[in-house]
Amino acid sequence: MQYPNRIEFKVWGDYALFSDPITRIGGEKSTYQAPTYEALKGILASIYWKPTFIWYVDKVRILNPIQTETKGVRTIKYNGGKNDLAYYTYLKDCCYQVQAHFEWNRGREELKSDRNENKHHQCALRMLKKGGSRDIFLGTRECQAYVEPCIFGEGEGAYDQLPQLSWGLMYHGLTYPDEAANERTPENELKPSRLTANFWRPVMERGIIQFLRPSQCPHHKDLGPRSIKSFGGALQEVE
């Protein structure tokens with residue numbers, strides 16, 4: 001499907017850490033081999049974001065060979081405040097092409113008057129040319145990255161000739177309470193006023209991963225009730 005508000009960009013950096021939530025326990029972190037939907041959505045928010053709309057990542061193309069590097073990191077213990085040693089496994093020499101679009105946030109009816117598609121699309125394109133409105137990073141804050149406009153699919157990629165590669169069950173992202181209004185269908189488990197974690201089984205075909213919408217992910221984990229912030233200043237009550 002073609003979207004008139006679609007943007008395409010390249011993002012690259014020396015390191016990336018798209019961490020599996022399971023490996024965060026105990027201070028150790030290990031990266032997935034590919035970017036998560038949530039990490040790319042965070043990059044889009046750093047380029048340009050308004051609560052009026054929601055960014056949807058359509059697909060990502062992996063340009064550089066997948067390489068990892070393990071580093072010893074001095075962290076602060078949760079109790080006692082002393083330093084501890086942990087090992088973080090990063091991706092290195094990362095470069096991706098991303099294609100995404102935005103849709104109006106149906107859970108934000110108070111911002112209905114701000115639904116000017118051309119205005120927000122042009123603002124996003126301008127911010128992309130400037131390198132983003134906020135700092136860009138790949139997964140975690142220490143992995144600084146950079147963005148610039150591109151044409152998705154242009155140039156050579158390391159996996160252009162690889163027919164298919166699957167990574168099994170993988171974290172997709174979070175659906176926040178105000179976003180659930182866009183994603184609710186009779187078949188899925190995404191509920192308003194609750195935070196939901198989504199999981200799926202990505203398949204890379206010739207270097208490209210086509211992302212499912214959050215509601216289309218086969219597995220959902222309800223993380224409990226959350227309040228929806230009103231940008232008028234009040235908080236909506238949790239159901």
# chains A, B, ... in the order shown; residues from 1 in each chain; ligands from 1

$ residues_around --residues "A:Glu109" --least-positions-apart "4" --cutoff "9 Å" --atoms "only C-alpha atoms" --output "list of chain:residue names"
A:Thr52, A:Asn105, A:Ser113

$ atom_distance --atom1 "atom CA of A:Tyr15" --atom2 "atom CA of A:Arg126"
26.0 Å

$ atom_distance --atom1 "atom CA of A:Trp104" --atom2 "atom CA of A:Ile62"
28.4 Å

$ residues_around --residues "A:Tyr87" --least-positions-apart "2" --cutoff "7 Å" --atoms "only C-alpha atoms" --output "ChimeraX atom specification"
/A:28-29,70-73,85,89

$ residues_around --residues "A:Ile47" --least-positions-apart "6" --cutoff "9 Å" --atoms "only C-alpha atoms" --output "list in words"
Ala124, Leu125, Met127, Leu128, Lys130, Gly131, Gly132, Ser133, Arg134, Asp135, Ile136 and Val147 of chain A

$ residues_around --residues "A:Ala145" --least-positions-apart "2" --cutoff "10 Å" --atoms "only C-alpha atoms" --output "JSON, numbers by chain"
{"A": [11, 12, 13, 14, 15, 16, 43, 94, 95, 131, 135, 136, 137, 138, 139, 141, 142, 143, 147]}

$ closest_residue --among "A:Ala181, A:Glu205, A:His172, A:Leu165" --to "A:His220" --atoms "only C-alpha atoms"
A:His172

$ closest_residue --among "A:Ile66, A:Leu40, A:Leu17, A:Leu169" --to "A:Tyr88" --atoms "only C-alpha atoms"
A:Leu17

$ closest_residue --among "A:Val98, A:Cys217, A:Ala158, A:Ile151" --to "A:Tyr171" --atoms "only C-alpha atoms"
A:Cys217

$ residues_around --residues "A:Pro177" --least-positions-apart "4" --cutoff "7 Å" --atoms "only C-alpha atoms" --output "list in words"
Pro192, Ser193, Arg194, Leu195, Arg226 and Ile228 of chain A

$ decode --residues "stretch 50-114 of chain A" --atoms "C-alpha atoms" --output "PDB file, in the first residue's frame"
ATOM      1  CA  LYS A  50       3.488  14.961  17.672  1.00  0.00           C
ATOM      2  CA  PRO A  51       0.805  13.244  19.788  1.00  0.00           C
ATOM      3  CA  THR A  52      -1.618  13.918  16.928  1.00  0.00           C
ATOM      4  CA  PHE A  53      -0.281  10.927  14.955  1.00  0.00           C
ATOM      5  CA  ILE A  54       1.395   7.545  15.331  1.00  0.00           C
ATOM      6  CA  TRP A  55       4.418   6.426  13.316  1.00  0.00           C
ATOM      7  CA  TYR A  56       4.166   3.000  11.654  1.00  0.00           C
ATOM      8  CA  VAL A  57       7.331   1.311  10.401  1.00  0.00           C
ATOM      9  CA  ASP A  58       6.653  -0.445   7.095  1.00  0.00           C
ATOM     10  CA  LYS A  59       9.999  -2.124   6.468  1.00  0.00           C
ATOM     11  CA  VAL A  60      13.735  -2.013   7.137  1.00  0.00           C
ATOM     12  CA  ARG A  61      16.617  -3.008   4.872  1.00  0.00           C
ATOM     13  CA  ILE A  62      19.889  -4.244   6.393  1.00  0.00           C
ATOM     14  CA  LEU A  63      22.796  -2.873   4.360  1.00  0.00           C
ATOM     15  CA  ASN A  64      25.930  -3.971   6.249  1.00  0.00           C
ATOM     16  CA  PRO A  65      26.964  -7.501   7.304  1.00  0.00           C
ATOM     17  CA  ILE A  66      25.678  -8.467  10.762  1.00  0.00           C
ATOM     18  CA  GLN A  67      28.590  -8.403  13.211  1.00  0.00           C
ATOM     19  CA  THR A  68      28.639  -8.435  17.011  1.00  0.00           C
ATOM     20  CA  GLU A  69      31.130  -7.256  19.621  1.00  0.00           C
ATOM     21  CA  THR A  70      31.065  -7.915  23.373  1.00  0.00           C
ATOM     22  CA  LYS A  71      32.265  -5.220  25.771  1.00  0.00           C
ATOM     23  CA  GLY A  72      32.824  -5.154  29.491  1.00  0.00           C
ATOM     24  CA  VAL A  73      30.768  -2.342  31.052  1.00  0.00           C
ATOM     25  CA  ARG A  74      31.039  -0.966  34.592  1.00  0.00           C
ATOM     26  CA  THR A  75      27.500  -0.564  35.886  1.00  0.00           C
ATOM     27  CA  ILE A  76      26.083   0.571  39.236  1.00  0.00           C
ATOM     28  CA  LYS A  77      24.560  -2.133  41.425  1.00  0.00           C
ATOM     29  CA  TYR A  78      20.892  -1.820  42.243  1.00  0.00           C
ATOM     30  CA  ASN A  79      21.663  -2.126  45.970  1.00  0.00           C
ATOM     31  CA  GLY A  80      24.725  -0.638  47.572  1.00  0.00           C
ATOM     32  CA  GLY A  81      25.574   1.833  44.814  1.00  0.00           C
ATOM     33  CA  LYS A  82      28.932   0.184  44.055  1.00  0.00           C
ATOM     34  CA  ASN A  83      30.230  -0.583  40.602  1.00  0.00           C
ATOM     35  CA  ASP A  84      29.690  -3.951  39.010  1.00  0.00           C
ATOM     36  CA  LEU A  85      30.995  -5.527  35.803  1.00  0.00           C
ATOM     37  CA  ALA A  86      28.554  -6.578  33.078  1.00  0.00           C
ATOM     38  CA  TYR A  87      29.014  -7.760  29.518  1.00  0.00           C
ATOM     39  CA  TYR A  88      27.012  -6.091  26.735  1.00  0.00           C
ATOM     40  CA  THR A  89      26.883  -7.614  23.257  1.00  0.00           C
ATOM     41  CA  TYR A  90      26.467  -4.951  20.559  1.00  0.00           C
ATOM     42  CA  LEU A  91      25.990  -4.956  16.815  1.00  0.00           C
ATOM     43  CA  LYS A  92      28.820  -3.053  15.116  1.00  0.00           C
ATOM     44  CA  ASP A  93      29.156  -0.988  11.936  1.00  0.00           C
ATOM     45  CA  CYS A  94      25.384  -0.751  11.451  1.00  0.00           C
ATOM     46  CA  CYS A  95      23.544   0.781   8.509  1.00  0.00           C
ATOM     47  CA  TYR A  96      19.846   0.496   7.666  1.00  0.00           C
ATOM     48  CA  GLN A  97      17.282   1.923   5.275  1.00  0.00           C
ATOM     49  CA  VAL A  98      13.834   2.502   6.769  1.00  0.00           C
ATOM     50  CA  GLN A  99      10.435   3.148   5.204  1.00  0.00           C
ATOM     51  CA  ALA A 100       7.588   4.427   7.407  1.00  0.00           C
ATOM     52  CA  HIS A 101       4.357   6.442   7.430  1.00  0.00           C
ATOM     53  CA  PHE A 102       2.074   8.031  10.007  1.00  0.00           C
ATOM     54  CA  GLU A 103      -1.633   7.712  10.794  1.00  0.00           C
ATOM     55  CA  TRP A 104      -3.831   9.896  12.983  1.00  0.00           C
ATOM     56  CA  ASN A 105      -4.017   8.852  16.600  1.00  0.00           C
ATOM     57  CA  ARG A 106      -7.718   8.012  17.065  1.00  0.00           C
ATOM     58  CA  GLY A 107      -7.187   7.973  20.812  1.00  0.00           C
ATOM     59  CA  ARG A 108      -6.428  11.707  20.737  1.00  0.00           C
ATOM     60  CA  GLU A 109      -9.716  13.259  19.724  1.00  0.00           C
ATOM     61  CA  GLU A 110      -8.791  16.418  21.674  1.00  0.00           C
ATOM     62  CA  LEU A 111      -6.111  17.042  18.993  1.00  0.00           C
ATOM     63  CA  LYS A 112      -8.440  16.536  16.039  1.00  0.00           C
ATOM     64  CA  SER A 113      -7.987  20.156  14.909  1.00  0.00           C
ATOM     65  CA  ASP A 114      -4.255  19.483  14.378  1.00  0.00           C
TER      66      ASP A 114
END
